[in-house]
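Enquirer: Handing you this structure, nothing more for now.
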Amino acid sequence: MMLHTASCRQCRDQVESERPEGPSAVLVSPALVTFPPPPSANAMIQPMPRLSVPAALALGSAALGAAFATGLFLGRWCPPWQSRRQKRLLPPEDSPLWQYLLSRSLREHPALRSLRLLTLEQPLGDSMMTCEQAQLLANLARLIKAKKALDLGTFTGYSALALALALPPTGHVVTCEVNPGPPELGRPLWRQAEEEHKIDLRLKPALDTLDELLDAGEAGTFDMAVVDADKENCTAYYERCLQLLRPGGVLAVLSVLWRGKVLQPQPGDLETECVRNLNERILRDARVHISLLPLGDGLTLAFKI
């Protein structure tokens with residue numbers, strides 16, 4: 001302990017306060033009063049406790065566990081990304097840029113346009129092929145000089161009429177439908193376009209018609225096939241159409257993105273599973289060259305080798 005002199009005012013005040021009172025009070029010389037030394041700088045800084053390696057690992061594991069639990073909680077309570085599933089890859093139909101694209105590329109026969117607008121007014125009318133899909137398929141038919149075409153899923157006959165307009169006067173479109181009502185809506189417009197004679201409507205299940213054509217020896221005689229029918233039989237449609245197509249023929253399959261459901265099908269969703277299975281089959285099919293386009297609800301083009 002160090003000896004200090006009480007030379008400052010604070011020290012003198014402390015000495016006065018500690019001076020005994022009364023007659024027996026003894027005077028203490030300030031010079032003899034001792035004080036504890038001031039704390040050093042090192043003594044004022046308290047070192048942080050160091051963790052051992054196992055303790056640090058335990059602390060890190062606890063932090064990771066808390067982060068995982070937080071993520072699990074948020075994933076359970078926040079809306080999952082599936083609820084915001086993207087249904088189309090192209091801009092919305094009312095997009096100014098998309099409307100500009102159509103206005104500078106679409107050449108639609110007046111009767112075909114009237115049939116498209118009529119179809120859109122019907123229940124399930126929005127499931128028909130889009131105008132840009134129809135024009136692309138018609139141009140492909142012209143490119144390969146198609147004369148015979150298959151159309152599975154007539155509905156009002158929009159796709160059948162689009163194909164018929166692209167075929168030569170002697171061309172022939174076999175179109176398949178099980179419901180006789182919708183085609184009759186389109187028939188007056190087939191007639192208006194002067195293409196009714198090219199359209200051969202078969203009112204029976206498409207598989208029956210395809211088997212009849214195969215049994216009749218028409219394998220390898222069709223130039224183009226368009227599949228836009230029920231999804232449960234889409235693989236069977238694909239295989240039979242491929243048999244009926246000639247080498248160099250084009251097979252078009254519509255709605256292969258199935259409104260985005262192909263990304264994560266729900267349990268028991270048979271239609272989506274069938275679409276996914278067909279997409280995988282076409283991808284690995286060495287008998288065709290393929291392109292999958294984001295037009296409409298997805299359009300796969302398979303070119304038979």
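Here, A, B, ... name the chains of the structure tokens in the order displayed, residue numbers run from 1 inside each chain, and ligands are numbered from 1 in the same displayed order.
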Quick one: everything within 8 Å of Ala141 in chain A, counting only C-alpha atoms, minus sequence neighbours fewer than 4 positions away in the same chain. Send it as a list in words.

Expert: Leu137, Lys145, Ala146, Leu163, Ala166, Leu167, Asp223 and Met224 of chain A

Enquirer: From range 136-295 of chain A, collect each residue whose DSSP state is strand (DSSP E) and return the set as a PyMOL selection string.

Expert: chain A and resi 148-152+172-177+199-203+222-227+245-254+288-293

Enquirer: Create the file for the chosen residues now, containing C-alpha atoms and written as a PDB file, in the first residue's frame.

Expert:
```
ATOM      1  CA  LYS A 148     -53.414 -35.235 -94.493  1.00  0.00           C
ATOM      2  CA  ALA A 149     -53.799 -34.143 -90.875  1.00  0.00           C
ATOM      3  CA  LEU A 150     -55.174 -35.531 -87.608  1.00  0.00           C
ATOM      4  CA  ASP A 151     -56.909 -33.342 -85.049  1.00  0.00           C
ATOM      5  CA  LEU A 152     -57.742 -34.923 -81.665  1.00  0.00           C
ATOM      6  CA  HIS A 172     -58.045 -33.884 -95.634  1.00  0.00           C
ATOM      7  CA  VAL A 173     -58.386 -33.339 -91.852  1.00  0.00           C
ATOM      8  CA  VAL A 174     -59.653 -36.197 -89.671  1.00  0.00           C
ATOM      9  CA  THR A 175     -60.920 -34.593 -86.479  1.00  0.00           C
ATOM     10  CA  CYS A 176     -62.129 -36.520 -83.401  1.00  0.00           C
ATOM     11  CA  GLU A 177     -64.790 -35.491 -80.876  1.00  0.00           C
ATOM     12  CA  ILE A 199     -63.006 -31.708 -92.509  1.00  0.00           C
ATOM     13  CA  ASP A 200     -63.890 -35.315 -91.658  1.00  0.00           C
ATOM     14  CA  LEU A 201     -65.595 -35.256 -88.239  1.00  0.00           C
ATOM     15  CA  ARG A 202     -65.516 -38.568 -86.319  1.00  0.00           C
ATOM     16  CA  LEU A 203     -67.947 -38.561 -83.376  1.00  0.00           C
ATOM     17  CA  PHE A 222     -50.397 -38.572 -92.297  1.00  0.00           C
ATOM     18  CA  ASP A 223     -48.308 -35.415 -92.430  1.00  0.00           C
ATOM     19  CA  MET A 224     -49.421 -33.726 -89.218  1.00  0.00           C
ATOM     20  CA  ALA A 225     -51.220 -34.588 -85.985  1.00  0.00           C
ATOM     21  CA  VAL A 226     -52.516 -32.239 -83.292  1.00  0.00           C
ATOM     22  CA  VAL A 227     -53.319 -33.678 -79.847  1.00  0.00           C
ATOM     23  CA  LEU A 245     -47.265 -40.047 -89.189  1.00  0.00           C
ATOM     24  CA  ARG A 246     -44.831 -40.333 -92.063  1.00  0.00           C
ATOM     25  CA  PRO A 247     -41.123 -39.657 -91.489  1.00  0.00           C
ATOM     26  CA  GLY A 248     -40.744 -35.881 -91.426  1.00  0.00           C
ATOM     27  CA  GLY A 249     -44.277 -35.462 -90.120  1.00  0.00           C
ATOM     28  CA  VAL A 250     -45.084 -33.126 -87.234  1.00  0.00           C
ATOM     29  CA  LEU A 251     -46.863 -34.131 -84.026  1.00  0.00           C
ATOM     30  CA  ALA A 252     -48.098 -31.200 -81.902  1.00  0.00           C
ATOM     31  CA  VAL A 253     -49.177 -31.748 -78.286  1.00  0.00           C
ATOM     32  CA  LEU A 254     -50.955 -28.892 -76.518  1.00  0.00           C
ATOM     33  CA  VAL A 288     -38.388 -37.650 -82.819  1.00  0.00           C
ATOM     34  CA  HIS A 289     -36.709 -34.261 -82.702  1.00  0.00           C
ATOM     35  CA  ILE A 290     -38.499 -31.980 -80.254  1.00  0.00           C
ATOM     36  CA  SER A 291     -39.155 -28.418 -79.217  1.00  0.00           C
ATOM     37  CA  LEU A 292     -41.283 -27.327 -76.247  1.00  0.00           C
ATOM     38  CA  LEU A 293     -42.567 -23.784 -76.751  1.00  0.00           C
TER      39      LEU A 293
END
```

Enquirer: Which residue, A:Thr156, A:Asn233, A:Gln99, A:Gln266, has the smallest gap to Ala206 in chain A when you use only C-alpha atoms?

Expert: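 Looking at the shortest contact to Ala206 in chain A, the residue is A:Asn233.
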
Enquirer: Mind giving me the straight-line distance from CA of Arg113 in chain A to CA of Leu165 in chain A in Å, one decimal?

Expert: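 CA of Leu165 in chain A lies at a distance of 12.4 Å from CA of Arg113 in chain A.
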
Enquirer: Any idea what's packed within 8 Å of Leu213 in chain A, counting only C-alpha atoms, ignoring anything in its chain fewer than 5 positions away? Could you give it as a PyMOL selection string?

Expert: chain A and resi 218-219+244

Enquirer: Go ahead and save the picked residues with C-alpha atoms, as a CSV table (one decimal), in the first residue's frame.

Expert:
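What landed in selection_9.csv:
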```
chain,number,residue,atom,x,y,z
A,218,GLU,CA,-53.0,-45.8,-93.0
A,219,ALA,CA,-49.9,-46.0,-90.8
A,244,LEU,CA,-49.8,-42.8,-88.4
```

Enquirer: Which residues come within 9 Å of range 268-276 of chain A, counting only C-alpha atoms, excluding same-chain residues fewer than 5 positions away, as a VMD selection string?

Expert: chain A and resid 230 to 235 255 to 258 261 to 263 281

Enquirer: Please, could you write that set of residues out with C-alpha atoms as a compact mmCIF listing (two decimals), in the first residue's frame?

Expert:
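Result written to out.txt:
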```txt
# COMPACT_ATOMS: atom_id res chain seq x y z
CA ASP A 230 -58.26 -35.66 -72.58
CA LYS A 231 -55.04 -36.03 -70.62
CA GLU A 232 -55.64 -39.52 -69.22
CA ASN A 233 -55.04 -41.01 -72.69
CA CYS A 234 -52.42 -38.54 -73.91
CA THR A 235 -49.63 -41.14 -74.02
CA SER A 255 -51.27 -27.96 -72.83
CA VAL A 256 -48.05 -29.69 -71.81
CA LEU A 257 -47.48 -27.22 -68.96
CA TRP A 258 -51.02 -27.84 -67.64
CA LYS A 261 -49.33 -27.95 -62.28
CA VAL A 262 -46.53 -30.04 -63.81
CA LEU A 263 -44.08 -28.46 -61.36
CA ARG A 281 -41.48 -39.89 -72.58
```

Enquirer: Identify, with DSSP run on backbone atoms, the residues in range 249-304 of chain A assigned to alpha helix (DSSP H), and express the list as a short mmCIF file (atom, residue, chain, number, x, y, z; two decimals) with all heavy atoms, in the first residue's frame.

Expert:
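Final output, states_19.cif:
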```cif
data_model
loop_
_atom_site.label_atom_id
_atom_site.label_comp_id
_atom_site.auth_asym_id
_atom_site.auth_seq_id
_atom_site.Cartn_x
_atom_site.Cartn_y
_atom_site.Cartn_z
N LEU A 270 -54.52 -37.26 -61.39
CA LEU A 270 -54.16 -38.17 -62.47
C LEU A 270 -53.82 -37.42 -63.75
O LEU A 270 -52.88 -37.79 -64.47
CB LEU A 270 -55.31 -39.15 -62.72
CG LEU A 270 -55.10 -40.17 -63.84
CD1 LEU A 270 -53.89 -41.05 -63.54
CD2 LEU A 270 -56.35 -41.03 -64.02
N GLU A 271 -54.56 -36.37 -64.06
CA GLU A 271 -54.32 -35.64 -65.31
C GLU A 271 -52.91 -35.05 -65.33
O GLU A 271 -52.19 -35.17 -66.33
CB GLU A 271 -55.35 -34.53 -65.46
CG GLU A 271 -56.75 -35.01 -65.78
CD GLU A 271 -57.70 -33.85 -66.00
OE1 GLU A 271 -57.56 -32.82 -65.30
OE2 GLU A 271 -58.58 -33.96 -66.88
N THR A 272 -52.51 -34.43 -64.23
CA THR A 272 -51.18 -33.84 -64.18
C THR A 272 -50.10 -34.91 -64.27
O THR A 272 -49.08 -34.72 -64.96
CB THR A 272 -51.01 -33.02 -62.88
OG1 THR A 272 -52.03 -32.02 -62.83
CG2 THR A 272 -49.65 -32.35 -62.83
N GLU A 273 -50.28 -36.03 -63.62
CA GLU A 273 -49.31 -37.12 -63.69
C GLU A 273 -49.18 -37.63 -65.13
O GLU A 273 -48.08 -37.92 -65.59
CB GLU A 273 -49.72 -38.26 -62.76
CG GLU A 273 -49.47 -37.99 -61.29
CD GLU A 273 -47.98 -37.89 -60.95
OE1 GLU A 273 -47.15 -38.28 -61.80
OE2 GLU A 273 -47.66 -37.39 -59.86
N CYS A 274 -50.30 -37.72 -65.83
CA CYS A 274 -50.27 -38.18 -67.22
C CYS A 274 -49.51 -37.19 -68.11
O CYS A 274 -48.72 -37.60 -68.98
CB CYS A 274 -51.68 -38.37 -67.74
SG CYS A 274 -52.56 -39.79 -67.01
N VAL A 275 -49.72 -35.89 -67.89
CA VAL A 275 -49.00 -34.88 -68.67
C VAL A 275 -47.51 -34.95 -68.37
O VAL A 275 -46.67 -34.91 -69.30
CB VAL A 275 -49.56 -33.48 -68.38
CG1 VAL A 275 -48.71 -32.41 -69.08
CG2 VAL A 275 -51.01 -33.36 -68.83
N ARG A 276 -47.15 -35.06 -67.11
CA ARG A 276 -45.73 -35.16 -66.74
C ARG A 276 -45.09 -36.41 -67.35
O ARG A 276 -43.96 -36.36 -67.87
CB ARG A 276 -45.58 -35.19 -65.22
CG ARG A 276 -45.76 -33.84 -64.54
CD ARG A 276 -45.89 -34.00 -63.04
NE ARG A 276 -44.78 -34.74 -62.46
CZ ARG A 276 -43.67 -34.18 -61.98
NH1 ARG A 276 -43.53 -32.86 -62.02
NH2 ARG A 276 -42.71 -34.91 -61.46
N ASN A 277 -45.78 -37.53 -67.30
CA ASN A 277 -45.24 -38.77 -67.85
C ASN A 277 -45.04 -38.65 -69.36
O ASN A 277 -44.03 -39.14 -69.91
CB ASN A 277 -46.17 -39.94 -67.53
CG ASN A 277 -46.19 -40.28 -66.05
OD1 ASN A 277 -45.27 -39.94 -65.32
ND2 ASN A 277 -47.24 -40.94 -65.61
N LEU A 278 -46.00 -38.01 -70.04
CA LEU A 278 -45.83 -37.83 -71.48
C LEU A 278 -44.66 -36.92 -71.79
O LEU A 278 -43.87 -37.19 -72.71
CB LEU A 278 -47.11 -37.25 -72.09
CG LEU A 278 -47.05 -36.96 -73.59
CD1 LEU A 278 -46.74 -38.22 -74.39
CD2 LEU A 278 -48.34 -36.32 -74.08
N ASN A 279 -44.51 -35.84 -71.02
CA ASN A 279 -43.37 -34.94 -71.25
C ASN A 279 -42.04 -35.69 -71.09
O ASN A 279 -41.10 -35.47 -71.88
CB ASN A 279 -43.44 -33.76 -70.28
CG ASN A 279 -44.56 -32.80 -70.61
OD1 ASN A 279 -45.08 -32.79 -71.72
ND2 ASN A 279 -44.95 -31.99 -69.64
N GLU A 280 -41.95 -36.54 -70.08
CA GLU A 280 -40.72 -37.31 -69.88
C GLU A 280 -40.51 -38.30 -71.03
O GLU A 280 -39.38 -38.51 -71.48
CB GLU A 280 -40.80 -38.06 -68.54
CG GLU A 280 -40.80 -37.16 -67.32
CD GLU A 280 -39.53 -36.36 -67.20
OE1 GLU A 280 -38.44 -36.88 -67.55
OE2 GLU A 280 -39.60 -35.19 -66.78
N ARG A 281 -41.58 -38.93 -71.49
CA ARG A 281 -41.48 -39.89 -72.58
C ARG A 281 -40.97 -39.21 -73.86
O ARG A 281 -40.09 -39.74 -74.55
CB ARG A 281 -42.84 -40.55 -72.83
CG ARG A 281 -42.87 -41.49 -74.04
CD ARG A 281 -44.29 -41.99 -74.28
NE ARG A 281 -44.70 -42.92 -73.25
CZ ARG A 281 -44.62 -44.25 -73.36
NH1 ARG A 281 -44.14 -44.78 -74.47
NH2 ARG A 281 -45.02 -45.03 -72.39
N ILE A 282 -41.56 -38.05 -74.18
CA ILE A 282 -41.15 -37.35 -75.40
C ILE A 282 -39.70 -36.90 -75.31
O ILE A 282 -38.95 -36.98 -76.29
CB ILE A 282 -42.08 -36.15 -75.67
CG1 ILE A 282 -43.51 -36.64 -75.92
CG2 ILE A 282 -41.60 -35.34 -76.85
CD1 ILE A 282 -44.53 -35.51 -76.08
N LEU A 283 -39.29 -36.45 -74.13
CA LEU A 283 -37.91 -35.99 -73.95
C LEU A 283 -36.91 -37.10 -74.29
O LEU A 283 -35.85 -36.85 -74.88
CB LEU A 283 -37.71 -35.52 -72.51
CG LEU A 283 -36.29 -35.12 -72.11
CD1 LEU A 283 -35.83 -33.90 -72.90
CD2 LEU A 283 -36.21 -34.85 -70.61
#
```

Enquirer: Quick one: residues within 8 Å of Leu112 in chain A, only C-alpha atoms counted, chain neighbours fewer than 3 positions away excluded, as a PDB file with all heavy atoms, in the first residue's frame?

Expert:
```pdb
ATOM      1  N   GLU A 108     -55.229 -13.774 -89.724  1.00  0.00           N
ATOM      2  CA  GLU A 108     -56.300 -14.713 -89.403  1.00  0.00           C
ATOM      3  C   GLU A 108     -57.431 -14.578 -90.427  1.00  0.00           C
ATOM      4  O   GLU A 108     -57.941 -13.472 -90.648  1.00  0.00           O
ATOM      5  CB  GLU A 108     -56.815 -14.427 -87.989  1.00  0.00           C
ATOM      6  CG  GLU A 108     -57.596 -15.547 -87.355  1.00  0.00           C
ATOM      7  CD  GLU A 108     -57.862 -15.275 -85.877  1.00  0.00           C
ATOM      8  OE1 GLU A 108     -57.951 -14.087 -85.499  1.00  0.00           O
ATOM      9  OE2 GLU A 108     -57.975 -16.242 -85.101  1.00  0.00           O
ATOM     10  N   HIS A 109     -57.799 -15.674 -91.021  1.00  0.00           N
ATOM     11  CA  HIS A 109     -58.935 -15.683 -91.952  1.00  0.00           C
ATOM     12  C   HIS A 109     -60.175 -15.176 -91.218  1.00  0.00           C
ATOM     13  O   HIS A 109     -60.384 -15.500 -90.040  1.00  0.00           O
ATOM     14  CB  HIS A 109     -59.152 -17.110 -92.458  1.00  0.00           C
ATOM     15  CG  HIS A 109     -60.135 -17.218 -93.577  1.00  0.00           C
ATOM     16  ND1 HIS A 109     -61.513 -17.146 -93.372  1.00  0.00           N
ATOM     17  CD2 HIS A 109     -59.971 -17.396 -94.919  1.00  0.00           C
ATOM     18  CE1 HIS A 109     -62.130 -17.286 -94.519  1.00  0.00           C
ATOM     19  NE2 HIS A 109     -61.225 -17.436 -95.490  1.00  0.00           N
ATOM     20  N   LEU A 115     -64.830 -17.778 -85.631  1.00  0.00           N
ATOM     21  CA  LEU A 115     -64.962 -19.025 -84.888  1.00  0.00           C
ATOM     22  C   LEU A 115     -64.201 -18.956 -83.564  1.00  0.00           C
ATOM     23  O   LEU A 115     -64.678 -19.469 -82.541  1.00  0.00           O
ATOM     24  CB  LEU A 115     -64.449 -20.191 -85.739  1.00  0.00           C
ATOM     25  CG  LEU A 115     -64.566 -21.577 -85.107  1.00  0.00           C
ATOM     26  CD1 LEU A 115     -65.988 -21.853 -84.634  1.00  0.00           C
ATOM     27  CD2 LEU A 115     -64.090 -22.654 -86.075  1.00  0.00           C
ATOM     28  N   ARG A 116     -63.064 -18.298 -83.578  1.00  0.00           N
ATOM     29  CA  ARG A 116     -62.304 -18.150 -82.330  1.00  0.00           C
ATOM     30  C   ARG A 116     -63.108 -17.343 -81.314  1.00  0.00           C
ATOM     31  O   ARG A 116     -63.197 -17.726 -80.139  1.00  0.00           O
ATOM     32  CB  ARG A 116     -60.960 -17.472 -82.611  1.00  0.00           C
ATOM     33  CG  ARG A 116     -60.153 -17.156 -81.343  1.00  0.00           C
ATOM     34  CD  ARG A 116     -58.745 -16.732 -81.688  1.00  0.00           C
ATOM     35  NE  ARG A 116     -58.685 -15.544 -82.517  1.00  0.00           N
ATOM     36  CZ  ARG A 116     -58.715 -14.299 -82.043  1.00  0.00           C
ATOM     37  NH1 ARG A 116     -58.845 -14.075 -80.742  1.00  0.00           N
ATOM     38  NH2 ARG A 116     -58.629 -13.272 -82.869  1.00  0.00           N
ATOM     39  N   TYR A 158     -62.077 -25.141 -84.306  1.00  0.00           N
ATOM     40  CA  TYR A 158     -61.151 -24.038 -84.604  1.00  0.00           C
ATOM     41  C   TYR A 158     -59.820 -24.565 -85.134  1.00  0.00           C
ATOM     42  O   TYR A 158     -59.307 -24.089 -86.158  1.00  0.00           O
ATOM     43  CB  TYR A 158     -60.947 -23.192 -83.351  1.00  0.00           C
ATOM     44  CG  TYR A 158     -59.951 -22.068 -83.517  1.00  0.00           C
ATOM     45  CD1 TYR A 158     -60.290 -20.906 -84.203  1.00  0.00           C
ATOM     46  CD2 TYR A 158     -58.664 -22.164 -82.988  1.00  0.00           C
ATOM     47  CE1 TYR A 158     -59.371 -19.876 -84.367  1.00  0.00           C
ATOM     48  CE2 TYR A 158     -57.741 -21.136 -83.132  1.00  0.00           C
ATOM     49  CZ  TYR A 158     -58.091 -19.999 -83.821  1.00  0.00           C
ATOM     50  OH  TYR A 158     -57.190 -18.978 -83.983  1.00  0.00           O
ATOM     51  N   LEU A 161     -60.274 -26.180 -88.612  1.00  0.00           N
ATOM     52  CA  LEU A 161     -60.400 -25.179 -89.674  1.00  0.00           C
ATOM     53  C   LEU A 161     -59.054 -24.518 -89.969  1.00  0.00           C
ATOM     54  O   LEU A 161     -58.724 -24.259 -91.139  1.00  0.00           O
ATOM     55  CB  LEU A 161     -61.435 -24.127 -89.284  1.00  0.00           C
ATOM     56  CG  LEU A 161     -61.685 -23.007 -90.299  1.00  0.00           C
ATOM     57  CD1 LEU A 161     -62.102 -23.578 -91.654  1.00  0.00           C
ATOM     58  CD2 LEU A 161     -62.743 -22.028 -89.787  1.00  0.00           C
ATOM     59  N   ALA A 162     -58.266 -24.249 -88.942  1.00  0.00           N
ATOM     60  CA  ALA A 162     -56.943 -23.649 -89.155  1.00  0.00           C
ATOM     61  C   ALA A 162     -56.066 -24.559 -90.005  1.00  0.00           C
ATOM     62  O   ALA A 162     -55.348 -24.087 -90.901  1.00  0.00           O
ATOM     63  CB  ALA A 162     -56.277 -23.362 -87.818  1.00  0.00           C
ATOM     64  N   LEU A 189     -69.272 -21.880 -89.951  1.00  0.00           N
ATOM     65  CA  LEU A 189     -68.060 -21.116 -90.278  1.00  0.00           C
ATOM     66  C   LEU A 189     -67.094 -21.953 -91.105  1.00  0.00           C
ATOM     67  O   LEU A 189     -66.321 -21.402 -91.888  1.00  0.00           O
ATOM     68  CB  LEU A 189     -67.411 -20.616 -88.990  1.00  0.00           C
ATOM     69  CG  LEU A 189     -68.254 -19.539 -88.290  1.00  0.00           C
ATOM     70  CD1 LEU A 189     -67.802 -19.315 -86.856  1.00  0.00           C
ATOM     71  CD2 LEU A 189     -68.195 -18.227 -89.064  1.00  0.00           C
ATOM     72  N   ALA A 193     -65.950 -20.486 -94.747  1.00  0.00           N
ATOM     73  CA  ALA A 193     -64.566 -20.459 -95.230  1.00  0.00           C
ATOM     74  C   ALA A 193     -64.348 -21.366 -96.435  1.00  0.00           C
ATOM     75  O   ALA A 193     -63.234 -21.416 -96.977  1.00  0.00           O
ATOM     76  CB  ALA A 193     -63.630 -20.879 -94.097  1.00  0.00           C
TER      77      ALA A 193
END
```

Enquirer: Report as a compact mmCIF listing (two decimals) with N, CA and C atoms, in the first residue's frame all protein, DNA and RNA residues lying within 10 Å of Thr130 in chain A, evaluated on only C-alpha atoms, omitting residues in the same chain fewer than 5 positions from it.

Expert:
```txt
# COMPACT_ATOMS: atom_id res chain seq x y z
N ARG A 116 -63.06 -18.30 -83.58
CA ARG A 116 -62.30 -18.15 -82.33
C ARG A 116 -63.11 -17.34 -81.31
N GLN A 135 -51.74 -20.41 -85.89
CA GLN A 135 -51.02 -19.89 -87.05
C GLN A 135 -49.69 -20.60 -87.23
N TYR A 158 -62.08 -25.14 -84.31
CA TYR A 158 -61.15 -24.04 -84.60
C TYR A 158 -59.82 -24.56 -85.13
N SER A 159 -59.26 -25.56 -84.46
CA SER A 159 -57.97 -26.09 -84.90
C SER A 159 -58.13 -26.84 -86.23
N LEU A 295 -45.83 -21.16 -75.83
CA LEU A 295 -47.06 -20.57 -76.37
C LEU A 295 -48.27 -21.15 -75.66
N GLY A 296 -49.23 -20.30 -75.35
CA GLY A 296 -50.43 -20.78 -74.68
C GLY A 296 -50.10 -21.47 -73.37
N ASP A 297 -50.61 -22.69 -73.20
CA ASP A 297 -50.34 -23.48 -72.01
C ASP A 297 -49.23 -24.50 -72.27
```

Enquirer: Would you pick out the contacts of Glu184 in chain A at 10 Å or less, using only C-alpha atoms, so that residues sharing its chain but fewer than 6 positions from it are not included, and give the list as a list in words?

Expert: Phe155, Thr156, Gly157 and Trp190 of chain A

Enquirer: Give me a file of those residues, with N, CA, C and O atoms, as a tab-separated table (two decimals), in the first residue's frame.

Expert:
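Writing done, so here's out-v5.tsv:
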```tsv
chain	number	residue	atom	x	y	z
A	155	PHE	N	-63.80	-29.91	-80.48
A	155	PHE	CA	-64.55	-28.86	-79.83
A	155	PHE	C	-65.40	-28.14	-80.89
A	155	PHE	O	-66.26	-28.76	-81.49
A	156	THR	N	-65.17	-26.87	-81.16
A	156	THR	CA	-65.94	-26.18	-82.20
A	156	THR	C	-65.29	-26.29	-83.58
A	156	THR	O	-65.84	-25.79	-84.57
A	157	GLY	N	-64.11	-26.90	-83.64
A	157	GLY	CA	-63.45	-27.06	-84.93
A	157	GLY	C	-62.50	-25.95	-85.29
A	157	GLY	O	-62.11	-25.81	-86.45
A	190	TRP	N	-67.09	-23.28	-90.95
A	190	TRP	CA	-66.33	-24.13	-91.86
A	190	TRP	C	-66.85	-23.91	-93.29
A	190	TRP	O	-66.07	-23.80	-94.24
```

Enquirer: Taking only C-alpha atoms into account, name the residue in A:Thr119, A:Lys304, A:Leu124, A:Cys131 that is nearest to Ser103 in chain A.

Expert: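 So, comparing all the options, the nearest one is A:Cys131.
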
Enquirer: Calculate how many Å separate CA of Asp208 in chain A from CA of Gly186 in chain A, rounding to one decimal.

Expert: 23.2 Å

Enquirer: I'd like to know which of A:Pro182, A:Leu140, A:Leu299, A:Gln264 is closest to Pro123 in chain A, using only C-alpha atoms.

Expert: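 Going through A:Pro182, A:Leu140, A:Leu299, A:Gln264 one by one, the smallest distance to Pro123 in chain A is for A:Pro182.
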